[in-house]
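Pasted below: coords_25.cif, mmCIF, C-alpha atoms.
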data_protein
#
loop_
_atom_site.label_atom_id
_atom_site.label_comp_id
_atom_site.auth_asym_id
_atom_site.auth_seq_id
_atom_site.Cartn_x
_atom_site.Cartn_y
_atom_site.Cartn_z
CA MET A 9 23.03 6.41 -4.50
CA ALA A 10 20.25 8.77 -5.53
CA ARG A 11 17.72 10.22 -3.09
CA MET A 12 14.14 9.93 -4.31
CA ASN A 13 10.69 10.67 -3.06
CA MET A 14 8.06 8.00 -3.56
CA VAL A 15 6.85 9.52 -6.85
CA GLN A 16 10.35 9.37 -8.28
CA ALA A 17 10.96 5.86 -6.95
CA LEU A 18 7.79 4.49 -8.53
CA ASN A 19 8.60 6.27 -11.79
CA SER A 20 12.09 4.77 -11.69
CA ALA A 21 10.65 1.27 -11.16
CA MET A 22 8.49 1.57 -14.28
CA ASP A 23 11.35 3.13 -16.23
CA VAL A 24 13.62 0.23 -15.31
CA MET A 25 11.01 -2.37 -16.26
CA LEU A 26 10.01 -0.68 -19.53
CA GLU A 27 13.66 -0.73 -20.58
CA ARG A 28 14.36 -4.20 -19.21
CA ASP A 29 11.31 -6.07 -20.52
CA PRO A 30 9.67 -5.22 -23.89
CA ARG A 31 6.47 -6.92 -22.68
CA VAL A 32 5.85 -4.20 -20.07
CA VAL A 33 3.27 -1.58 -21.01
CA ILE A 34 1.71 1.24 -18.96
CA LEU A 35 -1.92 2.27 -19.37
CA GLY A 36 -4.39 4.51 -17.59
CA GLU A 37 -6.07 7.88 -17.50
CA ASP A 38 -3.60 10.70 -18.23
CA VAL A 39 -0.55 8.47 -17.66
CA GLY A 40 1.06 9.34 -20.99
CA TYR A 41 1.13 12.90 -22.29
CA PHE A 42 0.19 14.42 -18.92
CA GLY A 43 2.41 12.13 -16.85
CA GLY A 44 -0.30 11.19 -14.35
CA VAL A 45 -2.25 13.36 -11.94
CA PHE A 46 0.54 12.89 -9.36
CA ARG A 47 3.27 12.83 -12.06
CA VAL A 48 4.23 9.24 -11.25
CA THR A 49 4.48 8.37 -14.96
CA GLU A 50 6.08 11.67 -15.97
CA GLY A 51 8.32 11.37 -19.03
CA LEU A 52 7.72 7.69 -19.70
CA GLN A 53 5.63 8.18 -22.83
CA ARG A 54 8.19 10.60 -24.28
CA LYS A 55 10.93 8.04 -23.66
CA TYR A 56 9.18 4.84 -24.73
CA GLY A 57 6.46 6.01 -27.10
CA GLU A 58 2.68 5.89 -27.25
CA HIS A 59 2.65 2.16 -27.96
CA ARG A 60 4.27 1.41 -24.56
CA VAL A 61 2.62 4.11 -22.41
CA LEU A 62 -1.03 4.47 -23.37
CA ASP A 63 -3.57 7.11 -22.40
CA THR A 64 -7.00 5.55 -21.91
CA PRO A 65 -10.58 6.84 -21.67
CA ILE A 66 -12.07 7.53 -18.24
CA ALA A 67 -13.40 4.00 -17.92
CA GLU A 68 -11.91 1.93 -15.10
CA GLY A 69 -13.71 -1.24 -16.16
CA GLY A 70 -12.24 -0.85 -19.62
CA ILE A 71 -8.76 -0.18 -18.27
CA VAL A 72 -8.77 -3.36 -16.19
CA ALA A 73 -10.40 -5.40 -18.99
CA ALA A 74 -7.83 -4.22 -21.53
CA ALA A 75 -5.02 -5.04 -19.09
CA ILE A 76 -6.40 -8.56 -18.62
CA GLY A 77 -6.49 -9.08 -22.39
CA MET A 78 -2.91 -7.86 -22.67
CA GLY A 79 -1.81 -10.11 -19.83
CA VAL A 80 -3.30 -13.35 -21.16
CA ASN A 81 -1.71 -12.58 -24.54
CA GLY A 82 1.82 -12.35 -23.18
CA LEU A 83 2.28 -8.72 -22.12
CA LYS A 84 3.05 -7.36 -18.66
CA PRO A 85 0.59 -4.49 -18.28
CA VAL A 86 0.80 -1.94 -15.47
CA ALA A 87 -2.60 -0.30 -15.22
CA GLU A 88 -3.14 2.88 -13.22
CA ILE A 89 -6.46 3.67 -11.56
CA GLN A 90 -6.15 7.40 -10.91
CA PHE A 91 -7.61 7.19 -7.38
CA ALA A 92 -8.40 4.04 -5.40
CA ASP A 93 -11.89 5.49 -4.86
CA TYR A 94 -12.57 4.87 -8.56
CA ILE A 95 -11.43 1.27 -8.71
CA TYR A 96 -14.94 -0.04 -8.04
CA PRO A 97 -16.16 0.15 -11.67
CA GLY A 98 -13.34 -2.27 -12.49
CA PHE A 99 -13.95 -4.47 -9.44
CA ASP A 100 -15.99 -7.08 -11.29
CA GLN A 101 -13.20 -7.46 -13.86
CA VAL A 102 -10.64 -7.86 -11.06
CA VAL A 103 -12.65 -10.43 -9.10
CA SER A 104 -14.48 -12.39 -11.80
CA GLU A 105 -11.76 -12.41 -14.45
CA LEU A 106 -8.31 -11.27 -13.35
CA ALA A 107 -8.15 -13.20 -10.08
CA ARG A 108 -9.62 -16.37 -11.64
CA VAL A 109 -7.79 -16.71 -14.95
CA ARG A 110 -5.14 -19.16 -13.77
CA TYR A 111 -7.64 -21.30 -11.82
CA ARG A 112 -10.35 -21.34 -14.47
CA SER A 113 -7.89 -22.31 -17.20
CA ALA A 114 -6.24 -25.02 -15.06
CA GLY A 115 -2.97 -23.14 -15.38
CA GLU A 116 -3.09 -22.77 -19.15
CA PHE A 117 -3.37 -18.97 -18.92
CA SER A 118 -2.18 -16.37 -16.46
CA ALA A 119 -2.69 -12.64 -16.29
CA PRO A 120 0.44 -10.92 -14.90
CA VAL A 121 -1.31 -7.58 -14.43
CA THR A 122 -0.21 -4.93 -11.93
CA ILE A 123 -2.86 -2.39 -10.93
CA ARG A 124 -1.40 0.75 -9.36
CA THR A 125 -3.65 3.12 -7.47
CA PRO A 126 -3.15 6.02 -5.00
CA CYS A 127 -5.05 5.52 -1.75
CA GLY A 128 -5.69 7.10 1.63
CA GLY A 129 -6.39 10.57 2.95
CA GLY A 130 -4.45 13.46 4.33
CA ILE A 131 -4.72 15.69 1.25
CA ARG A 132 -8.17 17.24 1.84
CA GLY A 133 -9.61 14.93 -0.80
CA GLY A 134 -12.92 14.25 0.96
CA GLN A 135 -14.99 11.12 0.62
CA THR A 136 -14.27 10.43 -3.07
CA HIS A 137 -10.49 10.91 -3.07
CA SER A 138 -9.39 9.47 0.28
CA GLN A 139 -10.54 5.87 0.54
CA SER A 140 -8.41 2.88 1.52
CA PRO A 141 -10.19 -0.16 0.04
CA GLU A 142 -7.37 -2.67 0.56
CA SER A 143 -9.47 -5.09 2.63
CA VAL A 144 -11.91 -5.51 -0.27
CA PHE A 145 -9.10 -6.98 -2.35
CA THR A 146 -7.47 -9.07 0.37
CA HIS A 147 -10.79 -10.95 0.48
CA VAL A 148 -10.28 -12.09 -3.12
CA CYS A 149 -8.18 -15.22 -3.64
CA GLY A 150 -5.99 -15.13 -6.72
CA ILE A 151 -4.54 -11.64 -6.39
CA LYS A 152 -1.74 -10.16 -4.29
CA VAL A 153 -2.11 -6.89 -2.39
CA VAL A 154 0.79 -4.54 -1.64
CA MET A 155 1.12 -1.18 0.12
CA PRO A 156 4.61 0.34 0.62
CA SER A 157 5.54 2.97 3.18
CA ASN A 158 8.75 4.47 1.76
CA PRO A 159 10.53 5.11 -1.56
CA TYR A 160 13.04 2.25 -1.31
CA ASP A 161 10.35 -0.33 -0.70
CA ALA A 162 8.02 1.26 -3.23
CA LYS A 163 10.46 0.79 -6.10
CA GLY A 164 11.57 -2.69 -5.10
CA LEU A 165 8.04 -3.92 -4.45
CA LEU A 166 6.69 -2.47 -7.71
CA ILE A 167 9.42 -4.20 -9.72
CA SER A 168 8.59 -7.46 -7.93
CA ALA A 169 4.90 -6.92 -8.67
CA ILE A 170 5.51 -6.31 -12.37
CA GLU A 171 7.72 -9.40 -12.61
CA ASP A 172 5.21 -11.60 -10.78
CA ASP A 173 3.24 -14.02 -12.93
CA ASP A 174 0.06 -13.39 -10.93
CA PRO A 175 -2.01 -10.20 -10.62
CA VAL A 176 -1.07 -7.60 -8.00
CA VAL A 177 -3.10 -4.66 -6.71
CA PHE A 178 -0.50 -2.09 -5.67
CA PHE A 179 -1.78 0.63 -3.34
CA GLU A 180 0.25 3.85 -3.05
CA PRO A 181 -0.48 6.08 -0.01
CA LYS A 182 -0.72 9.45 -1.70
CA ARG A 183 0.06 11.33 1.53
CA LEU A 184 3.52 9.73 1.38
CA TYR A 185 4.30 10.65 -2.24
CA ASN A 186 6.43 13.68 -1.33
CA GLY A 187 7.48 12.93 2.23
CA PRO A 188 6.94 10.79 5.34
CA PHE A 189 3.86 11.90 7.30
CA ASP A 190 3.77 11.43 11.07
CA GLY A 191 0.08 12.26 11.44
CA HIS A 192 0.55 15.85 12.66
CA PRO A 193 -1.09 18.07 10.01
CA ASP A 194 -0.16 21.26 11.88
CA ARG A 195 3.57 20.67 11.52
CA PRO A 196 5.71 21.60 8.50
CA ALA A 197 5.97 18.95 5.80
CA VAL A 198 9.15 16.87 5.91
CA PRO A 199 10.74 15.85 2.58
CA TRP A 200 11.95 12.33 1.89
CA THR A 201 15.52 13.62 1.50
CA GLN A 202 15.87 13.59 5.28
CA HIS A 203 14.80 9.93 5.54
CA PRO A 204 17.21 6.98 5.16
CA HIS A 205 14.75 5.08 2.96
CA SER A 206 14.95 7.83 0.37
CA GLU A 207 18.27 6.34 -0.74
CA VAL A 208 17.14 4.40 -3.79
CA PRO A 209 19.39 2.64 -6.32
CA ALA A 210 18.91 4.03 -9.81
CA GLY A 211 18.92 0.59 -11.40
CA TYR A 212 17.21 -2.74 -10.95
CA TYR A 213 16.55 -4.33 -7.55
CA THR A 214 13.63 -6.05 -5.87
CA VAL A 215 11.95 -6.21 -2.50
CA PRO A 216 10.26 -9.62 -2.19
CA LEU A 217 6.49 -9.80 -2.01
CA GLY A 218 5.13 -11.46 1.12
CA GLN A 219 7.91 -10.28 3.42
CA ALA A 220 7.25 -7.84 6.27
CA ALA A 221 9.87 -5.54 7.82
CA VAL A 222 10.57 -4.83 11.48
CA VAL A 223 11.05 -1.06 11.31
CA ARG A 224 11.52 -0.64 15.05
CA PRO A 225 12.44 -3.46 17.45
CA GLY A 226 10.86 -3.41 20.91
CA ASP A 227 9.65 -5.56 23.78
CA ALA A 228 6.54 -3.92 25.27
CA VAL A 229 3.93 -4.27 22.52
CA THR A 230 3.72 -5.16 18.82
CA VAL A 231 2.23 -2.61 16.43
CA LEU A 232 1.12 -3.94 13.04
CA ALA A 233 0.83 -1.22 10.40
CA TYR A 234 1.32 -0.49 6.70
CA GLY A 235 1.45 2.53 4.42
CA THR A 236 1.12 5.92 6.11
CA MET A 237 0.35 4.37 9.48
CA VAL A 238 3.90 3.05 9.78
CA HIS A 239 5.13 6.63 10.19
CA VAL A 240 2.25 7.54 12.48
CA ALA A 241 3.09 4.55 14.69
CA LEU A 242 6.75 5.59 14.84
CA ALA A 243 5.72 9.09 15.91
CA ALA A 244 3.36 7.69 18.53
CA VAL A 245 6.06 5.48 20.01
CA GLU A 246 8.51 8.37 20.22
CA GLU A 247 6.00 10.77 21.78
CA ALA A 248 4.59 8.25 24.26
CA GLU A 249 8.02 6.75 25.06
CA ILE A 250 6.75 3.19 24.71
CA ASP A 251 9.14 0.41 23.75
CA ALA A 252 6.98 -0.93 20.92
CA GLU A 253 8.02 -3.20 18.09
CA ILE A 254 6.64 -1.82 14.84
CA ILE A 255 6.07 -4.15 11.89
CA ASP A 256 5.57 -2.76 8.40
CA LEU A 257 3.55 -5.48 6.69
CA ARG A 258 4.31 -4.14 3.17
CA THR A 259 2.46 -7.05 1.51
CA LEU A 260 -1.04 -7.67 2.86
CA LEU A 261 -1.65 -10.74 0.74
CA PRO A 262 0.24 -13.02 1.02
CA LEU A 263 0.87 -11.97 4.62
CA ASP A 264 4.19 -12.63 6.33
CA ILE A 265 2.50 -14.34 9.26
CA ASP A 266 5.78 -15.70 10.66
CA THR A 267 7.18 -12.22 11.37
CA VAL A 268 3.89 -11.17 12.97
CA VAL A 269 3.68 -14.27 15.17
CA ASP A 270 7.31 -14.08 16.27
CA SER A 271 6.85 -10.48 17.37
CA VAL A 272 3.56 -10.98 19.23
CA LYS A 273 4.89 -14.05 21.01
CA LYS A 274 7.82 -11.93 22.17
CA THR A 275 5.81 -8.91 23.38
CA GLY A 276 2.56 -10.60 24.41
CA ARG A 277 0.54 -7.60 23.27
CA CYS A 278 -0.69 -6.37 19.88
CA VAL A 279 -2.02 -3.12 18.43
CA ILE A 280 -3.24 -2.98 14.83
CA ALA A 281 -3.33 0.40 13.08
CA HIS A 282 -4.82 1.25 9.69
CA GLU A 283 -6.47 4.23 8.08
CA ALA A 284 -9.43 2.41 6.54
CA THR A 285 -12.79 2.05 8.25
CA ARG A 286 -12.95 -0.30 11.22
CA THR A 287 -15.72 -2.80 10.48
CA CYS A 288 -14.40 -5.63 8.30
CA GLY A 289 -11.20 -3.66 7.76
CA TYR A 290 -7.95 -5.55 7.23
CA GLY A 291 -7.24 -5.18 10.93
CA ALA A 292 -10.09 -7.59 11.68
CA GLU A 293 -8.32 -10.34 9.74
CA LEU A 294 -5.03 -9.50 11.44
CA ALA A 295 -6.69 -9.68 14.85
CA ALA A 296 -8.18 -13.08 14.02
CA LEU A 297 -4.82 -14.41 12.85
CA VAL A 298 -2.99 -13.13 15.93
CA GLN A 299 -5.64 -14.64 18.17
CA GLU A 300 -5.41 -17.94 16.31
CA HIS A 301 -1.61 -18.20 16.35
CA CYS A 302 -0.71 -16.41 19.59
CA PHE A 303 -3.61 -17.07 21.99
CA TYR A 304 -1.50 -18.54 24.80
CA HIS A 305 1.07 -15.75 24.52
CA LEU A 306 -1.33 -12.78 24.68
CA GLU A 307 -1.30 -10.83 27.94
CA ALA A 308 -4.12 -8.47 26.93
CA PRO A 309 -6.88 -8.10 24.31
CA ILE A 310 -5.79 -7.10 20.81
CA VAL A 311 -6.41 -3.39 20.15
CA ARG A 312 -7.44 -1.90 16.80
CA VAL A 313 -6.82 1.78 15.97
CA THR A 314 -8.56 2.65 12.70
CA GLY A 315 -10.63 5.12 10.77
CA TRP A 316 -14.28 5.47 11.73
CA ASP A 317 -17.23 3.71 10.12
CA THR A 318 -18.20 6.75 8.07
CA PRO A 319 -17.33 8.17 4.67
CA TYR A 320 -14.03 10.05 4.84
CA PRO A 321 -15.17 13.54 5.94
CA HIS A 322 -13.67 16.63 4.32
CA ILE A 323 -14.06 19.13 7.15
CA PHE A 324 -13.34 16.59 9.92
CA GLU A 325 -10.46 14.87 8.16
CA TRP A 326 -8.14 14.90 11.16
CA GLU A 327 -10.84 13.66 13.51
CA TYR A 328 -11.22 10.67 11.19
CA PHE A 329 -7.52 10.07 10.60
CA PRO A 330 -5.99 7.78 13.29
CA GLY A 331 -3.17 10.04 14.39
CA PRO A 332 -0.32 9.51 16.88
CA GLN A 333 -2.46 10.30 19.93
CA ARG A 334 -4.97 7.60 19.06
CA VAL A 335 -2.21 5.08 18.33
CA ALA A 336 -0.48 5.92 21.62
CA ASP A 337 -3.78 5.52 23.48
CA GLY A 338 -4.19 2.13 21.81
CA MET A 339 -0.75 1.05 22.98
CA ARG A 340 -1.56 2.16 26.53
CA ARG A 341 -4.79 0.14 26.48
CA ALA A 342 -2.85 -2.91 25.39
CA LEU A 343 -0.28 -2.38 28.12
CA GLU A 344 -2.91 -1.84 30.82
CA GLY A 345 -5.21 -4.68 29.69
#
Would it be possible to restate this file's structure as structure tokens?
Amino acid sequence: MARMNMVQALNSAMDVMLERDPRVVILGEDVGYFGGVFRVTEGLQRKYGEHRVLDTPIAEGGIVAAAIGMGVNGLKPVAEIQFADYIYPGFDQVVSELARVRYRSAGEFSAPVTIRTPCGGGIRGGQTHSQSPESVFTHVCGIKVVMPSNPYDAKGLLISAIEDDDPVVFFEPKRLYNGPFDGHPDRPAVPWTQHPHSEVPAGYYTVPLGQAAVVRPGDAVTVLAYGTMVHVALAAVEEAEIDAEIIDLRTLLPLDIDTVVDSVKKTGRCVIAHEATRTCGYGAELAALVQEHCFYHLEAPIVRVTGWDTPYPHIFEWEYFPGPQRVADGMRRALEG
């Protein structure tokens, strides 16, 4: 079995689907000749031609609109928004058109569009290249929202997203492209080759949407995380020596509420960790759901560990980023509450 980083795994997923399904097309800024700013689509245009892998103008609204038109006419478009920070010009198309096509047409039409976009900080990208806007999209009924944390899941989830008959917004934590990141910027980078989830089948396989993963079993406290924060939570648990159960949500919408509830009922305590800003972040919805389903099992208030309610600062990136120390402190508050 091949070892891949997340860039290679995502590229392999699109390669597999381009070969497997002639309806699949890739479009976005610089995805063709240049291979993408992070090289996720490297070599695909050379292999499948300009009619299957299309370079587009710098116009996110146009990219999403074109993908919707392709989708309702029988194609399976995979649109790339170069950075999640720039998805907002296409937001109206996503909400008003893409998410509503099936409902508005009473099931006559669907738009099986996958929108890929790199998200999150940790690369000195500042306020316009570091945002995590996943909660904005989980608020919209009619679309699915995914964020993987490792190469194996990334490939399997992306194939599932492309095959899905409904639209999927697929967030890719760019800090994880080349290796797992534990939240310690002062330590040497670790490649994916040393991680078990870098073992990725070269061919076709899927990871189901709407299914969370228990990445570390434990009894003291439940930690709900996704994307980069899964690795930060694992580092925090190891450093603080706390027997936490860590859940990688993987799909934010639809949420695997059963796995979340089973874990919180077992531990009686819950910490929610995400990189995005705190107010109205996805953690607020998770906290509400845990409170609703697990009220009589909770032994302490639910704790959120998140980014701050500010733009992502360039010079104070690591003060903003919720690193292992902050996650460990959150677990201690939950245990002492």
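Minimum distance to Pro65 of chain A across A:Phe46, A:Val121, A:Asp264, A:Val39 (counting all atoms listed in the file) occurs at A:Val39.
Using all atoms listed in the file, the contacts of segment 295-297 of chain A at a cut-off of 7 Å, with sequence neighbours closer than 4 positions omitted, comprise Gly291, His301 and Ile310 of chain A.
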Selected residues, C-alpha atoms, written as a compact mmCIF listing (two decimals), keeping the file's coordinate frame, please.
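Once everything was written out, this is again-v2.txt:
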# COMPACT_ATOMS: atom_id res chain seq x y z
CA GLY A 291 -7.24 -5.18 10.93
CA HIS A 301 -1.61 -18.20 16.35
CA ILE A 310 -5.79 -7.10 20.81
Which polymer residues, protein or nucleic acid, are no farther than 9 Å from (-12.0, -8.7, -7.9), counting all atoms listed in the file, as JSON, numbers by chain? {"A": [98, 99, 100, 101, 102, 103, 104, 105, 106, 107, 108, 144, 145, 147, 148, 149, 150, 151]}
Could those selected residues go to a file with C-alpha atoms, as a short mmCIF file (atom, residue, chain, number, x, y, z; two decimals), keeping the file's coordinate frame?
data_model
loop_
_atom_site.label_atom_id
_atom_site.label_comp_id
_atom_site.auth_asym_id
_atom_site.auth_seq_id
_atom_site.Cartn_x
_atom_site.Cartn_y
_atom_site.Cartn_z
CA GLY A 98 -13.34 -2.27 -12.49
CA PHE A 99 -13.95 -4.47 -9.44
CA ASP A 100 -15.99 -7.08 -11.29
CA GLN A 101 -13.20 -7.46 -13.86
CA VAL A 102 -10.64 -7.86 -11.06
CA VAL A 103 -12.65 -10.43 -9.10
CA SER A 104 -14.48 -12.39 -11.80
CA GLU A 105 -11.76 -12.41 -14.45
CA LEU A 106 -8.31 -11.27 -13.35
CA ALA A 107 -8.15 -13.20 -10.08
CA ARG A 108 -9.62 -16.37 -11.64
CA VAL A 144 -11.91 -5.51 -0.27
CA PHE A 145 -9.10 -6.98 -2.35
CA HIS A 147 -10.79 -10.95 0.48
CA VAL A 148 -10.28 -12.09 -3.12
CA CYS A 149 -8.18 -15.22 -3.64
CA GLY A 150 -5.99 -15.13 -6.72
CA ILE A 151 -4.54 -11.64 -6.39
#
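Minimum distance to Leu263 of chain A across A:Arg334, A:His239, A:His282, A:Lys152 (counting all atoms listed in the file) occurs at A:Lys152.
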Test item: residues at most 9 Å from segment 171-186 of chain A, all atoms listed in the file, excluding those fewer than 6 positions along its chain, as a PyMOL selection string: chain A and resi 13-16+25+46+84+92+102+106-107+110+118-131+138+140+142+145+150-159+162+165+197-200+235-236
When the PyMOL selection byres ((chain A and resi 244) around 8) is applied to the structure above, which residues does it catch, written out as a ChimeraX atom specification? /A:240-243,245-248,332-333,335-336
Any chance you could export the current selection's C-alpha atoms as a short mmCIF file (atom, residue, chain, number, x, y, z; two decimals), keeping the file's coordinate frame?
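Written file, out-v7.cif:
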data_model
loop_
_atom_site.label_atom_id
_atom_site.label_comp_id
_atom_site.auth_asym_id
_atom_site.auth_seq_id
_atom_site.Cartn_x
_atom_site.Cartn_y
_atom_site.Cartn_z
CA VAL A 240 2.25 7.54 12.48
CA ALA A 241 3.09 4.55 14.69
CA LEU A 242 6.75 5.59 14.84
CA ALA A 243 5.72 9.09 15.91
CA VAL A 245 6.06 5.48 20.01
CA GLU A 246 8.51 8.37 20.22
CA GLU A 247 6.00 10.77 21.78
CA ALA A 248 4.59 8.25 24.26
CA PRO A 332 -0.32 9.51 16.88
CA GLN A 333 -2.46 10.30 19.93
CA VAL A 335 -2.21 5.08 18.33
CA ALA A 336 -0.48 5.92 21.62
#
Apply the PyMOL selection byres ((chain A and resi 38) around 9) to the file shown and report the selected residues as a VMD selection string. chain A and resid 35 to 37 39 to 45 62 to 65 90
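With distances restricted to only C-alpha atoms, A:Gly164 is the closest residue to Gln219 of chain A from A:Gly57, A:Gly338, A:Gly164, A:Gly79.
Candidate residues A:Leu52, A:Met237, A:Ile95, A:Val222 were compared for distance to Asp270 of chain A, and the nearest is A:Val222, using only C-alpha atoms.
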Atom CA of Thr259 of chain A to atom CA of Leu217 of chain A, straight-line distance in Å: 6.0 Å
